[in-house]
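Dumped structure-v5.cif below, it's mmCIF, C-alpha atoms:
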```cif
data_work
#
loop_
_atom_site.label_atom_id
_atom_site.label_comp_id
_atom_site.auth_asym_id
_atom_site.auth_seq_id
_atom_site.Cartn_x
_atom_site.Cartn_y
_atom_site.Cartn_z
CA MET G 932 179.85 -117.68 -37.66
CA SER G 933 177.72 -114.84 -36.43
CA ALA G 934 174.39 -116.52 -37.05
CA LEU G 935 175.12 -119.45 -34.78
CA LEU G 936 174.24 -119.74 -31.12
CA VAL G 937 177.42 -120.47 -29.18
CA PRO G 938 177.23 -123.53 -26.90
CA SER G 939 177.21 -122.44 -23.29
CA SER G 940 176.94 -123.80 -19.80
CA SER G 941 173.19 -123.15 -19.91
CA SER G 942 172.88 -125.82 -22.61
CA PRO G 943 174.82 -128.76 -21.17
CA VAL G 944 175.32 -132.07 -22.88
CA ARG G 945 172.72 -134.41 -21.42
CA ARG G 946 172.89 -138.16 -21.16
CA ALA G 947 169.95 -140.02 -22.74
CA ARG G 948 167.97 -142.65 -20.87
CA ASN G 949 170.08 -145.55 -22.13
CA GLN G 950 173.20 -143.81 -20.72
CA GLY G 951 175.05 -144.72 -23.92
CA LEU G 952 174.12 -141.57 -25.80
CA ALA G 953 174.58 -137.92 -24.92
CA LEU G 954 173.07 -134.91 -26.69
CA GLY G 955 173.85 -131.22 -26.60
CA THR G 956 175.03 -128.16 -28.51
CA ILE G 957 178.30 -128.46 -30.40
CA THR G 958 180.66 -126.05 -32.12
CA PRO G 959 180.66 -125.48 -35.90
CA GLU G 960 184.11 -127.07 -36.05
CA THR G 961 182.89 -130.26 -34.34
CA TYR G 962 179.83 -130.35 -36.59
CA ARG G 963 181.85 -129.94 -39.79
CA ALA G 964 184.33 -132.60 -38.70
CA PHE G 965 181.46 -135.05 -38.20
CA LEU G 966 179.95 -134.34 -41.63
CA ALA G 967 183.38 -134.92 -43.22
CA SER G 968 184.03 -138.14 -41.28
CA PRO G 969 183.29 -141.59 -42.78
CA GLU G 970 180.42 -141.96 -40.28
CA GLY G 971 178.91 -138.62 -41.20
CA ARG G 972 179.38 -139.04 -44.96
CA ALA G 973 177.63 -142.42 -44.78
CA LEU G 974 174.47 -140.63 -43.59
CA GLY G 975 174.37 -138.59 -46.82
CA PRO G 976 174.05 -135.08 -45.35
CA GLY G 977 172.54 -132.41 -47.59
CA PHE G 978 173.76 -128.86 -48.03
CA LEU G 979 170.81 -127.50 -46.05
CA GLN G 980 172.25 -129.19 -42.96
CA CYS G 981 175.74 -127.70 -43.30
CA PRO G 982 176.65 -125.10 -40.64
CA SER G 983 177.21 -122.55 -43.42
CA TRP G 984 173.51 -122.62 -44.25
CA ALA G 985 172.86 -120.68 -41.04
CA ASP G 986 174.65 -117.72 -42.62
CA VAL G 987 172.50 -117.95 -45.75
CA LYS G 988 169.12 -117.75 -44.02
CA GLU G 989 168.23 -114.32 -42.69
CA GLY G 990 165.57 -113.88 -40.02
CA TRP G 991 166.43 -117.15 -38.27
CA ARG G 992 168.65 -117.97 -35.31
CA ALA G 993 170.62 -121.18 -35.55
CA HIS G 994 171.47 -123.97 -33.17
CA LEU G 995 173.91 -126.85 -33.75
CA ILE G 996 173.14 -130.09 -31.94
CA GLY G 997 175.04 -133.35 -31.85
CA TRP G 998 174.51 -136.71 -30.19
CA GLY G 999 176.58 -139.81 -29.63
CA PRO G 1000 178.91 -141.34 -27.05
CA ASP G 1001 180.74 -138.05 -26.37
CA PRO G 1002 179.59 -135.02 -28.42
CA GLU G 1003 181.97 -132.59 -26.72
CA ALA G 1004 184.90 -134.75 -27.81
CA GLY G 1005 183.52 -135.10 -31.34
CA ALA G 1006 182.30 -138.71 -30.89
CA LEU G 1007 178.96 -138.34 -32.72
CA THR G 1008 176.41 -140.59 -34.38
CA GLY G 1009 174.05 -137.80 -35.50
CA ALA G 1010 173.75 -134.03 -35.76
CA ALA G 1011 171.32 -131.28 -36.68
CA LEU G 1012 171.33 -127.70 -37.85
CA VAL G 1013 168.21 -126.19 -36.29
CA LEU G 1014 166.84 -122.88 -37.55
CA LEU G 1015 164.74 -121.01 -34.98
CA ARG G 1016 162.13 -118.40 -35.90
CA GLN G 1017 160.54 -116.44 -33.09
CA PHE G 1018 156.77 -116.22 -32.94
CA PRO G 1019 155.87 -112.50 -32.85
CA GLY G 1020 155.09 -111.21 -29.38
CA THR G 1021 156.42 -114.28 -27.56
CA ARG G 1022 159.70 -115.80 -26.42
CA LYS G 1023 158.87 -119.04 -28.18
CA TYR G 1024 160.38 -120.42 -31.37
CA PHE G 1025 159.41 -122.54 -34.33
CA ALA G 1026 162.28 -125.02 -34.86
CA TYR G 1027 163.05 -126.06 -38.43
CA LEU G 1028 165.54 -128.74 -39.48
CA PRO G 1029 165.69 -128.38 -43.31
CA GLU G 1030 166.26 -131.84 -44.80
CA GLY G 1031 167.49 -132.95 -41.40
CA PRO G 1032 168.49 -134.13 -38.93
CA VAL G 1033 171.58 -135.95 -40.17
CA ALA G 1034 170.77 -139.26 -38.54
CA ASP G 1035 170.60 -143.02 -38.97
CA TRP G 1036 166.93 -143.47 -39.75
CA SER G 1037 167.42 -147.23 -40.03
CA ASP G 1038 168.17 -147.37 -36.29
CA PRO G 1039 165.37 -149.50 -34.76
CA ASP G 1040 165.55 -147.33 -31.63
CA VAL G 1041 164.88 -143.95 -33.21
CA ASP G 1042 163.41 -142.74 -29.92
CA ALA G 1043 166.85 -143.03 -28.28
CA TRP G 1044 167.95 -139.86 -30.11
CA LEU G 1045 164.68 -138.31 -31.33
CA ASP G 1046 163.12 -137.93 -27.88
CA PRO G 1047 166.23 -136.24 -26.39
CA LEU G 1048 166.38 -133.97 -29.46
CA LEU G 1049 162.77 -132.86 -28.95
CA ASP G 1050 163.35 -132.37 -25.23
CA HIS G 1051 166.44 -130.26 -25.96
CA LEU G 1052 164.51 -128.06 -28.36
CA ARG G 1053 161.61 -127.69 -25.92
CA ARG G 1054 164.02 -126.48 -23.24
CA ALA G 1055 165.51 -124.07 -25.81
CA GLY G 1056 162.06 -122.48 -26.20
CA ALA G 1057 160.64 -124.33 -29.21
CA PHE G 1058 156.88 -124.74 -29.32
CA ALA G 1059 156.90 -126.88 -32.49
CA VAL G 1060 159.43 -128.72 -34.64
CA ARG G 1061 159.59 -129.48 -38.36
CA ILE G 1062 161.98 -132.08 -39.74
CA GLY G 1063 162.86 -133.50 -43.16
CA PRO G 1064 163.82 -137.20 -42.83
CA SER G 1065 166.31 -138.35 -45.46
CA PRO G 1066 164.96 -141.77 -46.58
CA ALA G 1067 163.23 -141.93 -49.94
CA TYR G 1068 159.62 -143.08 -50.17
CA ARG G 1069 159.02 -144.00 -53.83
CA ARG G 1070 160.95 -143.90 -57.12
CA TRP G 1071 159.86 -143.78 -60.75
CA ASP G 1072 162.31 -144.47 -63.57
CA ALA G 1073 162.24 -141.96 -66.43
CA ALA G 1074 161.57 -144.75 -68.91
CA ARG G 1075 158.39 -145.67 -67.02
CA LEU G 1076 156.99 -142.15 -66.71
CA LYS G 1077 157.42 -140.56 -70.13
CA PRO G 1078 155.03 -142.85 -72.08
CA LEU G 1079 152.41 -142.61 -69.31
CA ALA G 1080 152.00 -138.82 -69.41
CA GLY G 1081 148.43 -137.79 -70.16
CA PRO G 1082 145.58 -135.39 -69.38
CA GLY G 1083 144.91 -135.06 -65.67
CA ARG G 1084 147.51 -137.66 -64.75
CA ARG G 1085 149.85 -137.31 -61.77
CA LEU G 1086 152.80 -139.23 -60.37
CA GLY G 1087 150.62 -140.94 -57.79
CA ASP G 1088 148.56 -142.49 -60.59
CA VAL G 1089 151.57 -144.46 -61.83
CA LEU G 1090 152.84 -147.58 -60.10
CA ALA G 1091 156.27 -146.75 -58.66
CA SER G 1092 159.35 -148.54 -59.95
CA GLU G 1093 160.43 -148.97 -56.34
CA VAL G 1094 158.94 -148.40 -52.89
CA ASP G 1095 161.61 -147.92 -50.26
CA PRO G 1096 160.81 -150.12 -47.22
CA LEU G 1097 162.86 -147.88 -44.91
CA GLY G 1098 160.93 -144.80 -46.01
CA SER G 1099 157.62 -146.56 -45.36
CA ALA G 1100 158.82 -147.74 -41.94
CA VAL G 1101 160.03 -144.27 -40.93
CA ALA G 1102 156.71 -142.73 -42.01
CA ASP G 1103 154.82 -145.22 -39.84
CA ARG G 1104 157.12 -144.56 -36.88
CA LEU G 1105 156.62 -140.81 -37.11
CA ARG G 1106 152.83 -141.07 -37.37
CA LEU G 1107 152.73 -143.26 -34.27
CA ARG G 1108 154.71 -140.60 -32.42
CA GLY G 1109 152.33 -137.77 -33.26
CA TRP G 1110 154.10 -136.27 -36.27
CA ARG G 1111 152.01 -134.87 -39.15
CA ARG G 1112 153.21 -134.98 -42.75
CA CYS G 1113 153.17 -131.42 -44.06
CA GLY G 1114 150.94 -131.18 -47.10
CA GLY G 1115 149.36 -134.53 -46.22
CA ASP G 1116 149.99 -137.76 -48.11
CA GLY G 1117 149.01 -136.39 -51.52
CA THR G 1118 151.10 -134.10 -53.68
CA GLY G 1119 152.77 -132.27 -50.82
CA GLN G 1120 151.95 -128.93 -52.45
CA GLY G 1121 151.29 -126.06 -50.08
CA GLY G 1122 152.93 -127.70 -47.07
CA ASP G 1123 156.56 -128.62 -47.66
CA ALA G 1124 159.13 -125.83 -47.67
CA GLN G 1125 161.55 -128.08 -49.61
CA PRO G 1126 160.55 -130.04 -52.73
CA ARG G 1127 158.93 -133.38 -51.95
CA HIS G 1128 159.58 -134.73 -55.45
CA VAL G 1129 163.13 -134.42 -56.75
CA PHE G 1130 164.94 -135.76 -59.81
CA GLN G 1131 168.14 -137.76 -59.38
CA VAL G 1132 170.64 -139.23 -61.81
CA PRO G 1133 172.55 -142.17 -60.26
CA LEU G 1134 176.31 -141.90 -60.85
CA ALA G 1135 177.86 -144.66 -58.73
CA GLY G 1136 179.30 -147.51 -60.77
CA ARG G 1137 178.66 -145.74 -64.10
CA THR G 1138 181.10 -144.47 -66.70
CA PRO G 1139 180.78 -141.25 -68.73
CA ASP G 1140 179.73 -143.44 -71.67
CA ASP G 1141 176.98 -144.90 -69.49
CA LEU G 1142 175.76 -141.40 -68.65
CA TRP G 1143 175.74 -140.44 -72.32
CA ALA G 1144 173.79 -143.58 -73.20
CA GLY G 1145 171.31 -142.68 -70.45
CA LEU G 1146 170.38 -139.41 -72.15
CA ASN G 1147 167.44 -139.64 -74.51
CA GLN G 1148 167.84 -138.85 -78.20
CA GLU G 1149 166.65 -135.27 -77.82
CA TRP G 1150 169.21 -134.54 -75.10
CA ARG G 1151 172.08 -136.08 -77.06
CA ARG G 1152 171.05 -134.11 -80.13
CA ASN G 1153 170.90 -130.86 -78.12
CA VAL G 1154 174.30 -131.42 -76.52
CA ARG G 1155 175.80 -132.08 -79.95
CA ARG G 1156 174.06 -128.98 -81.31
CA ALA G 1157 175.54 -126.82 -78.56
CA ARG G 1158 178.99 -128.21 -79.29
CA LYS G 1159 178.62 -127.62 -83.01
CA GLU G 1160 177.42 -124.03 -82.47
CA GLY G 1161 180.48 -123.30 -80.34
CA VAL G 1162 178.80 -122.99 -76.92
CA GLU G 1163 181.57 -122.78 -74.31
CA VAL G 1164 180.94 -123.94 -70.73
CA VAL G 1165 183.16 -122.48 -67.98
CA VAL G 1166 183.12 -122.22 -64.20
CA GLY G 1167 182.50 -118.63 -63.17
CA SER G 1168 183.14 -116.71 -59.96
CA ALA G 1169 181.38 -114.41 -57.52
CA ALA G 1170 181.89 -111.60 -60.05
CA ASP G 1171 179.45 -113.39 -62.40
CA LEU G 1172 176.60 -113.58 -59.88
CA PRO G 1173 174.98 -110.30 -61.02
CA GLU G 1174 174.67 -111.72 -64.55
CA PHE G 1175 173.25 -114.95 -63.13
CA SER G 1176 170.70 -112.93 -61.14
CA ARG G 1177 169.73 -110.94 -64.24
CA LEU G 1178 169.18 -114.13 -66.25
CA LEU G 1179 167.19 -115.63 -63.38
CA THR G 1180 164.81 -112.67 -63.44
CA LEU G 1181 164.28 -113.26 -67.17
CA THR G 1182 163.70 -116.97 -66.57
CA GLU G 1183 161.15 -116.36 -63.82
CA ARG G 1184 159.21 -113.96 -66.03
CA ARG G 1185 159.31 -116.31 -69.03
CA ASP G 1186 158.45 -119.52 -67.19
CA GLY G 1187 155.91 -118.09 -64.77
CA PHE G 1188 157.49 -118.77 -61.39
CA ARG G 1189 159.02 -116.64 -58.65
CA LEU G 1190 161.77 -117.79 -56.29
CA GLY G 1191 161.83 -114.50 -54.46
CA ARG G 1192 165.61 -114.54 -54.03
CA SER G 1193 167.73 -111.48 -54.55
CA LEU G 1194 171.25 -111.06 -55.84
CA ALA G 1195 172.29 -110.47 -52.21
CA TYR G 1196 170.90 -113.89 -51.29
CA TYR G 1197 173.04 -115.67 -53.89
CA GLU G 1198 176.10 -113.60 -52.99
CA ARG G 1199 175.62 -114.54 -49.34
CA GLN G 1200 175.12 -118.21 -50.24
CA TYR G 1201 178.16 -118.33 -52.51
CA ALA G 1202 180.37 -116.68 -49.88
CA ALA G 1203 179.14 -118.79 -46.95
CA LEU G 1204 179.32 -122.20 -48.65
CA ASN G 1205 182.73 -121.60 -50.21
CA ALA G 1206 184.15 -120.19 -46.98
CA GLU G 1207 183.17 -123.47 -45.34
CA GLU G 1208 184.78 -125.52 -48.10
CA PRO G 1209 186.35 -124.04 -51.25
CA GLY G 1210 184.45 -125.17 -54.33
CA ARG G 1211 181.36 -126.28 -52.38
CA MET G 1212 179.21 -124.00 -54.56
CA LYS G 1213 180.07 -123.36 -58.19
CA LEU G 1214 178.52 -121.17 -60.86
CA TYR G 1215 178.63 -122.65 -64.36
CA LEU G 1216 178.28 -120.35 -67.38
CA ALA G 1217 177.42 -121.13 -71.00
CA ARG G 1218 178.86 -118.58 -73.43
CA HIS G 1219 178.10 -118.16 -77.10
CA ARG G 1220 179.85 -115.55 -79.23
CA GLY G 1221 181.12 -113.93 -76.06
CA GLU G 1222 177.69 -113.60 -74.43
CA ILE G 1223 176.53 -115.54 -71.36
CA LEU G 1224 173.31 -117.27 -72.41
CA ALA G 1225 172.76 -119.52 -69.38
CA ALA G 1226 174.07 -119.94 -65.84
CA HIS G 1227 173.47 -122.77 -63.35
CA THR G 1228 174.57 -123.26 -59.75
CA MET G 1229 175.96 -126.53 -58.38
CA ILE G 1230 176.60 -127.57 -54.77
CA THR G 1231 178.65 -130.53 -53.54
CA VAL G 1232 178.71 -132.06 -50.06
CA GLY G 1233 180.55 -135.34 -49.57
CA ARG G 1234 179.44 -137.81 -52.24
CA ARG G 1235 176.33 -135.87 -53.27
CA THR G 1236 176.01 -133.11 -55.86
CA TRP G 1237 173.02 -130.87 -56.52
CA TYR G 1238 172.01 -128.71 -59.45
CA GLN G 1239 170.33 -125.97 -57.46
CA THR G 1240 169.15 -123.15 -59.72
CA GLY G 1241 169.23 -122.53 -63.47
CA ALA G 1242 168.75 -119.38 -65.52
CA SER G 1243 168.88 -118.61 -69.23
CA ALA G 1244 168.36 -115.80 -71.71
CA ASP G 1245 165.28 -115.40 -73.88
CA HIS G 1246 167.21 -115.40 -77.15
CA ARG G 1247 169.44 -117.85 -79.02
CA ARG G 1248 167.82 -120.73 -77.20
CA GLU G 1249 168.27 -122.84 -80.34
CA VAL G 1250 171.99 -123.29 -79.52
CA ARG G 1251 170.94 -125.25 -76.39
CA PRO G 1252 173.14 -123.66 -73.71
CA SER G 1253 171.27 -125.28 -70.81
CA ASN G 1254 171.77 -128.79 -72.18
CA ALA G 1255 175.48 -128.06 -72.59
CA LEU G 1256 175.68 -126.81 -69.00
CA GLN G 1257 173.93 -129.84 -67.52
CA TRP G 1258 176.06 -132.31 -69.45
CA ARG G 1259 179.24 -130.62 -68.22
CA MET G 1260 177.90 -130.52 -64.64
CA LEU G 1261 176.98 -134.21 -64.79
CA LEU G 1262 180.49 -135.09 -65.96
CA ASP G 1263 182.11 -132.91 -63.29
CA ALA G 1264 179.95 -134.46 -60.55
CA HIS G 1265 180.94 -137.91 -61.78
CA ALA G 1266 184.63 -136.95 -61.89
CA THR G 1267 184.57 -135.81 -58.24
CA GLY G 1268 183.21 -139.20 -57.16
CA ALA G 1269 179.61 -138.22 -56.45
CA ASP G 1270 177.18 -141.11 -56.07
CA VAL G 1271 174.17 -139.11 -57.24
CA TYR G 1272 173.45 -135.94 -59.19
CA ASP G 1273 170.34 -134.35 -57.70
CA MET G 1274 168.48 -131.97 -60.00
CA ARG G 1275 166.19 -130.89 -57.15
CA GLY G 1276 162.48 -130.28 -57.42
CA VAL G 1277 160.04 -131.47 -60.05
CA PRO G 1278 156.25 -131.12 -60.18
CA SER G 1279 153.97 -134.07 -59.54
CA THR G 1280 151.95 -133.50 -62.71
CA LEU G 1281 152.18 -135.78 -65.75
CA ASP G 1282 149.74 -133.67 -67.75
CA PRO G 1283 151.48 -132.23 -70.86
CA GLU G 1284 148.92 -129.42 -70.94
CA GLU G 1285 150.14 -128.10 -67.59
CA ARG G 1286 152.99 -125.63 -67.86
CA ALA G 1287 154.89 -127.22 -64.95
CA TYR G 1288 155.19 -130.51 -66.84
CA GLY G 1289 157.79 -128.95 -69.12
CA LEU G 1290 160.34 -128.90 -66.28
CA LEU G 1291 159.74 -132.57 -65.50
CA ARG G 1292 159.92 -133.52 -69.18
CA TRP G 1293 163.28 -131.72 -69.52
CA LYS G 1294 164.77 -133.55 -66.54
CA LEU G 1295 163.35 -136.91 -67.62
CA GLY G 1296 165.57 -136.62 -70.69
CA THR G 1297 168.65 -137.29 -68.54
CA GLY G 1298 167.42 -140.82 -67.89
CA GLY G 1299 167.35 -140.57 -64.09
CA GLN G 1300 164.57 -141.09 -61.57
CA VAL G 1301 161.83 -139.08 -59.92
CA VAL G 1302 162.22 -139.64 -56.19
CA GLU G 1303 159.43 -138.91 -53.74
CA THR G 1304 161.08 -138.06 -50.45
CA LEU G 1305 159.30 -138.47 -47.14
CA GLY G 1306 158.72 -134.73 -47.24
CA GLU G 1307 158.56 -132.62 -44.12
CA TRP G 1308 156.96 -133.61 -40.81
CA GLU G 1309 155.82 -131.37 -38.00
CA ARG G 1310 154.55 -131.60 -34.43
CA PRO G 1311 154.10 -129.38 -31.38
CA VAL G 1312 156.47 -130.01 -28.50
CA GLY G 1313 154.33 -131.10 -25.55
CA GLY G 1314 151.78 -129.22 -23.46
CA SER G 1315 148.49 -127.54 -24.29
CA ALA G 1316 150.10 -124.08 -24.49
CA ASN G 1317 152.53 -125.21 -27.19
CA HIS G 1318 149.70 -126.92 -29.10
CA ALA G 1319 147.71 -123.68 -29.05
CA LEU G 1320 150.75 -121.65 -30.11
CA HIS G 1321 151.41 -124.09 -32.94
CA ARG G 1322 147.88 -123.62 -34.26
CA ALA G 1323 148.25 -119.84 -34.00
CA PHE G 1324 151.59 -119.98 -35.82
CA GLN G 1325 150.07 -121.99 -38.68
CA ALA G 1326 147.29 -119.43 -38.98
CA TYR G 1327 149.87 -116.63 -38.97
CA LEU G 1328 151.82 -118.26 -41.80
CA ASN G 1329 148.64 -118.79 -43.84
CA ARG G 1330 147.88 -115.06 -43.63
CA ARG G 1331 151.33 -113.98 -44.88
#
```

Would you encode the structure as structure tokens?
Amino acid sequence: MSALLVPSSSSPVRRARNQGLALGTITPETYRAFLASPEGRALGPGFLQCPSWADVKEGWRAHLIGWGPDPEAGALTGAALVLLRQFPGTRKYFAYLPEGPVADWSDPDVDAWLDPLLDHLRRAGAFAVRIGPSPAYRRWDAARLKPLAGPGRRLGDVLASEVDPLGSAVADRLRLRGWRRCGGDGTGQGGDAQPRHVFQVPLAGRTPDDLWAGLNQEWRRNVRRARKEGVEVVVGSAADLPEFSRLLTLTERRDGFRLGRSLAYYERQYAALNAEEPGRMKLYLARHRGEILAAHTMITVGRRTWYQTGASADHRREVRPSNALQWRMLLDAHATGADVYDMRGVPSTLDPEERAYGLLRWKLGTGGQVVETLGEWERPVGGSANHALHRAFQAYLNRR
């Protein structure tokens, strides 16, 4: 993989202070084998931590790191895909671990692997590091949220259905170690690169009938309507990506948002993820009378499935192609043994007058949960020079 830094003798595996854990650069093959192993799958890695993601992101260098009893032999307990962006005019890098590292955050001795990881990145030239710990922080059931929507109301105004004790503990640990939560402890807007609030539909232990019963009446009615109108859902191919990109442009204009991703980006993503594992990324199409009216992308890693991006036409929306797509994708995720179907980001607003609430309302209809993740955390890596460079880098990003 051309985007990856190749492990070399200048980046040796180092033994941590407890002498039971070593950390160093690893090959893509070793990394992928760990993610596919029972130990790696149990950590619930996301697609942003797959080695293939390095080939999706342009403008970044990539570094694969593993730690455990013997990383060079593939004996790992954790791993990380680190994206490195050079600060203009320097030989220093901002290190970003999107939704990573892939680690056991319940380990009471987090410092045993986190400190060596930071030291490794500092020696690699990083002046600051941003991570995305995997534990959840709070959850709200759809049934709780929908009746509590109202003017000016936000998720934080509603008592959560569940507060994850591990998430709270990890947040406290990070604060004590000098990490700062990007976007603060409020909505997370303006700080996190990845969505802090996501929507998830639990699949483990449920039947297709259970999933159908979990849909609200409007969703069931729309799925039936699509079926009655003859909407056909199929899995497309790379050849259909231009049509997906065209529909996405229409969707962005209609719904007032901008992802800023080109057709080339999705072609690169589709090629990289499926080269790593065939079928990792799929493009679902909804056709009506021979015309593609909607297209959604889906990504699967281990026992997790994500609905990543959706696009639809401006016309014939009454035949409900997007509902038909999502129902088929839910069933396919369930059939492959996924434990959760992640519909990715949702806004934190519960105000029906705000345009963004429409996306949350649509996803609430599936009967899942809004999950507040821990979000992203950032800190400089030791020394006054790195602290100063970190502040300058933040100012640089704010000016872009």

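All residues of protein, DNA or RNA that reach within 12 Å of Arg1158 (chain G), judged by all atoms listed in the file and not counting those fewer than 6 positions away in the chain, are Arg1151, Arg1152, Val1164, Ala1217, Arg1218, His1219, Val1250, Arg1251, Pro1252, Ser1253, Asn1254, Ala1255, Leu1256, Trp1258 and Arg1259 of chain G.
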
Inset, instruction - Using the chain letters and residue numbers of this document, give as an MDAnalysis selection string the residues selected by the PyMOL selection byres ((chain G and resi 1278) around 7). - result: chainID G and resid 1128 1276:1277 1279:1280 1287:1288 1291

Legend entry - Spatial neighbours of region 1265-1275 of chain G, 7 Å, only C-alpha atoms, chain gap at least 3 places, as a PyMOL selection string: chain G and resi 1129-1135+1234-1239+1261-1262

Legend entry - Shell of 6 Å around region 1065-1070 of chain G, only C-alpha atoms, local chain residues under 3 positions omitted, as a PyMOL selection string: chain G and resi 1091-1095+1098+1301-1305

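The closest residue to Gly1299 (chain G), picked from G:Arg1111, G:Arg1189, G:His1246, G:Lys1077 and counting all atoms listed in the file, is G:Lys1077.
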
Legend entry - Residues in the PyMOL selection byres ((chain G and resi 1089) around 10), expressed as a PyMOL selection string: chain G and resi 1071+1075-1076+1079-1080+1084-1088+1090-1092+1281

Legend entry - Evaluate the PyMOL selection byres ((chain G and resi 1206-1213) around 7) and report residues as a list in words: Ser983, Val1166, Tyr1201, Ala1202, Ala1203, Leu1204, Asn1205, Leu1214, Tyr1215, Thr1228, Met1229, Ile1230, Thr1231 and Val1232 of chain G

Inset, instruction - Return the single residue from G:Asp1186, G:Ile1223, G:Gln1148, G:Lys1023 that is closest to Pro1173 (chain G), with distances computed using all atoms listed in the file. - result: G:Ile1223

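Distances to Val1060 (chain G) were evaluated for G:Ala1026, G:Ala1244, G:Leu1320, G:Leu1045 using only C-alpha atoms, and the minimum falls at G:Ala1026.
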
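Compared by their closest atoms to Val1033 (chain G), and using all atoms listed in the file, the residues G:Gly1289, G:Gly1187, G:Gly1296, G:Pro1064 rank with G:Pro1064 nearest.
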
Inset, instruction - Place a sphere of radius 12 Å on (163.8, -113.4, -70.4) in the file coordinates and name every protein, DNA or RNA residue with an atom inside or on its surface, counting all atoms listed in the file; give the answer as a PyMOL selection string. - result: chain G and resi 1176-1187+1224-1225+1242-1248

Please define a box with edges along x, y and z of the file around all atoms of region 1006-1016 of chain G given in the file, extend it by 8 Å on each side, and return its centre and edge lengths in Å to one decimal, as AutoDock Vina command-line options.
```
--center_x 172.2 --center_y -129.5 --center_z -34.4 --size_x 36.2 --size_y 38.2 --size_z 23.0
```

Legend entry - Polymer residues at most 7 Å from Trp998 (chain G), only C-alpha atoms, same-chain spacing of 4 or more positions, as a ChimeraX atom specification: /G:952-955,1002,1007-1010

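Distances from G:Ser1099, G:Asn1147, G:Thr958, G:Gln1257 to Val1165 (chain G) were compared using all atoms listed in the file, and the smallest one belongs to G:Gln1257.
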